Amino acid sequence: MSKASLQEQLLKAGLGKKGGKGGKPPKQKASAWGRVSRHDKEANTKPPAEIEAAKKAAAEKIERERQQAREAGKRQRDDEQRRARRAEIRQLILDHAETLPRQGEPFHFAADGRVRSLPVDPRLRRGLASRRLRLAIWDKRYYLVSAQTAEKIAQRDPDFLVALPDGGEIRDTAYTEFTVPDDMVW
């Protein structure tokens with residue numbers, strides 16, 4: 001018996017054709033992932049304009065993402081700085097606030113479009129009148145702080161200070177000998 005392969009035996013018997021199925025050359029196989037073999041030169045050709053446009057779009061996308069990351073970082077740094085300033089202001093107000101008496105004569109002032117009042121003793125009233133003390137607001141509460149502390153607060157954020165009216169200067173000479181109480185000056 002001869003040791004010829006099955007294909008050769010079929011060819012001798014006239015049952016097969018030489019050159020694969022139906023006499024056609026065999027097709028190039030796709031790889032296991034469905035891609036065409038690397039040796040196929042026509043499989044992955046694009047016009048150069050399309051390639052350049054794709055590269056340009058990818059570069060623009062990367063630049064947009066970088067810009068967004070820079071903006072997000074800047075917003076985050078700004079938020080951290082704002083929180084740090086607020087913490088400093090809180091610490092300044094709460095550490096340097098004068099203790100208010102439980103009862104005393106009310107000191108009237110305007111804040112948020114309303115007339116408010118705090119109980120003060122004569123020492124605190126003199127301090128407010130001479131601007132040695134200032135009003136500060138934190139968490140919807142009013143505190144009396146020294147002028148030096150008020151300057152530090154104003155450097156960080158002046159919105160935490162309540163603007164007091166200027167002293168009671170009298171413009172009419174007929175009333176110069178009469179003093180106006182400091183809480184009546186608007």
# chains A, B, ... in the order shown; residues from 1 in each chain; ligands from 1
call {"tool": "residues_around", "arguments": {"residues": "segment 91-106 of chain A", "least_positions_apart": "5", "cutoff": "9 Å", "atoms": "only C-alpha atoms", "output": "MDAnalysis selection string"}}
result
chainID A and resid 86 117:122 124 133 136:138 143:146 149:150 152:153 183
call {"tool": "closest_residue", "arguments": {"among": "A:Ser130, A:Gln9, A:Gln76, A:Gln68", "to": "Leu164 of chain A", "atoms": "only C-alpha atoms"}}
result
A:Ser130
call {"tool": "select_by_dssp", "arguments": {"residues": "segment 116-169 of chain A", "states": "strand (DSSP E)", "output": "PyMOL selection string"}}
result
chain A and resi 116-120+133-138+141-146+161-162
call {"tool": "write_last_selection", "arguments": {"atoms": "C-alpha atoms", "output": "PDB file, in the first residue's frame"}}
result
ATOM      1  CA  ARG A 116     -31.217  95.389  65.284  1.00  0.00           C
ATOM      2  CA  SER A 117     -30.080  95.842  68.858  1.00  0.00           C
ATOM      3  CA  LEU A 118     -27.588  94.378  71.285  1.00  0.00           C
ATOM      4  CA  PRO A 119     -27.468  94.873  75.039  1.00  0.00           C
ATOM      5  CA  VAL A 120     -24.337  96.846  75.979  1.00  0.00           C
ATOM      6  CA  LEU A 133     -14.996  98.235  68.962  1.00  0.00           C
ATOM      7  CA  ARG A 134     -16.744  97.036  65.819  1.00  0.00           C
ATOM      8  CA  LEU A 135     -19.648  94.737  65.079  1.00  0.00           C
ATOM      9  CA  ALA A 136     -18.961  91.446  63.318  1.00  0.00           C
ATOM     10  CA  ILE A 137     -21.435  88.822  62.159  1.00  0.00           C
ATOM     11  CA  TRP A 138     -20.947  85.067  62.164  1.00  0.00           C
ATOM     12  CA  ARG A 141     -25.156  86.262  65.365  1.00  0.00           C
ATOM     13  CA  TYR A 142     -23.557  89.606  66.121  1.00  0.00           C
ATOM     14  CA  TYR A 143     -20.324  89.983  68.071  1.00  0.00           C
ATOM     15  CA  LEU A 144     -18.294  92.954  69.300  1.00  0.00           C
ATOM     16  CA  VAL A 145     -14.618  92.774  68.328  1.00  0.00           C
ATOM     17  CA  SER A 146     -11.713  95.194  68.695  1.00  0.00           C
ATOM     18  CA  LEU A 161     -18.353  93.311  59.435  1.00  0.00           C
ATOM     19  CA  VAL A 162     -21.413  95.453  60.084  1.00  0.00           C
TER      20      VAL A 162
END
call {"tool": "residues_around", "arguments": {"residues": "Gly16 of chain A", "least_positions_apart": "5", "cutoff": "8 Å", "atoms": "only C-alpha atoms", "output": "list in words"}}
result
Gln7, Leu10 and Leu11 of chain A
call {"tool": "write_last_selection", "arguments": {"atoms": "N, CA and C atoms", "output": "mmCIF file, in the first residue's frame"}}
result
data_model
loop_
_atom_site.group_PDB
_atom_site.id
_atom_site.type_symbol
_atom_site.label_atom_id
_atom_site.label_comp_id
_atom_site.auth_asym_id
_atom_site.auth_seq_id
_atom_site.Cartn_x
_atom_site.Cartn_y
_atom_site.Cartn_z
ATOM 1 N N GLN A 7 -5.542 13.499 0.007
ATOM 2 C CA GLN A 7 -5.763 14.430 -1.094
ATOM 3 C C GLN A 7 -5.167 13.873 -2.385
ATOM 4 N N LEU A 10 -7.329 11.115 -3.689
ATOM 5 C CA LEU A 10 -8.554 11.600 -4.322
ATOM 6 C C LEU A 10 -8.262 12.203 -5.685
ATOM 7 N N LEU A 11 -7.117 12.880 -5.805
ATOM 8 C CA LEU A 11 -6.740 13.442 -7.099
ATOM 9 C C LEU A 11 -6.523 12.343 -8.134
#
call {"tool": "atom_distance", "arguments": {"atom1": "atom CA of Ala154 of chain A", "atom2": "atom CA of Ile89 of chain A"}}
result
9.2 Å
call {"tool": "atom_distance", "arguments": {"atom1": "atom CA of Val115 of chain A", "atom2": "atom CA of Asp157 of chain A"}}
result
22.8 Å
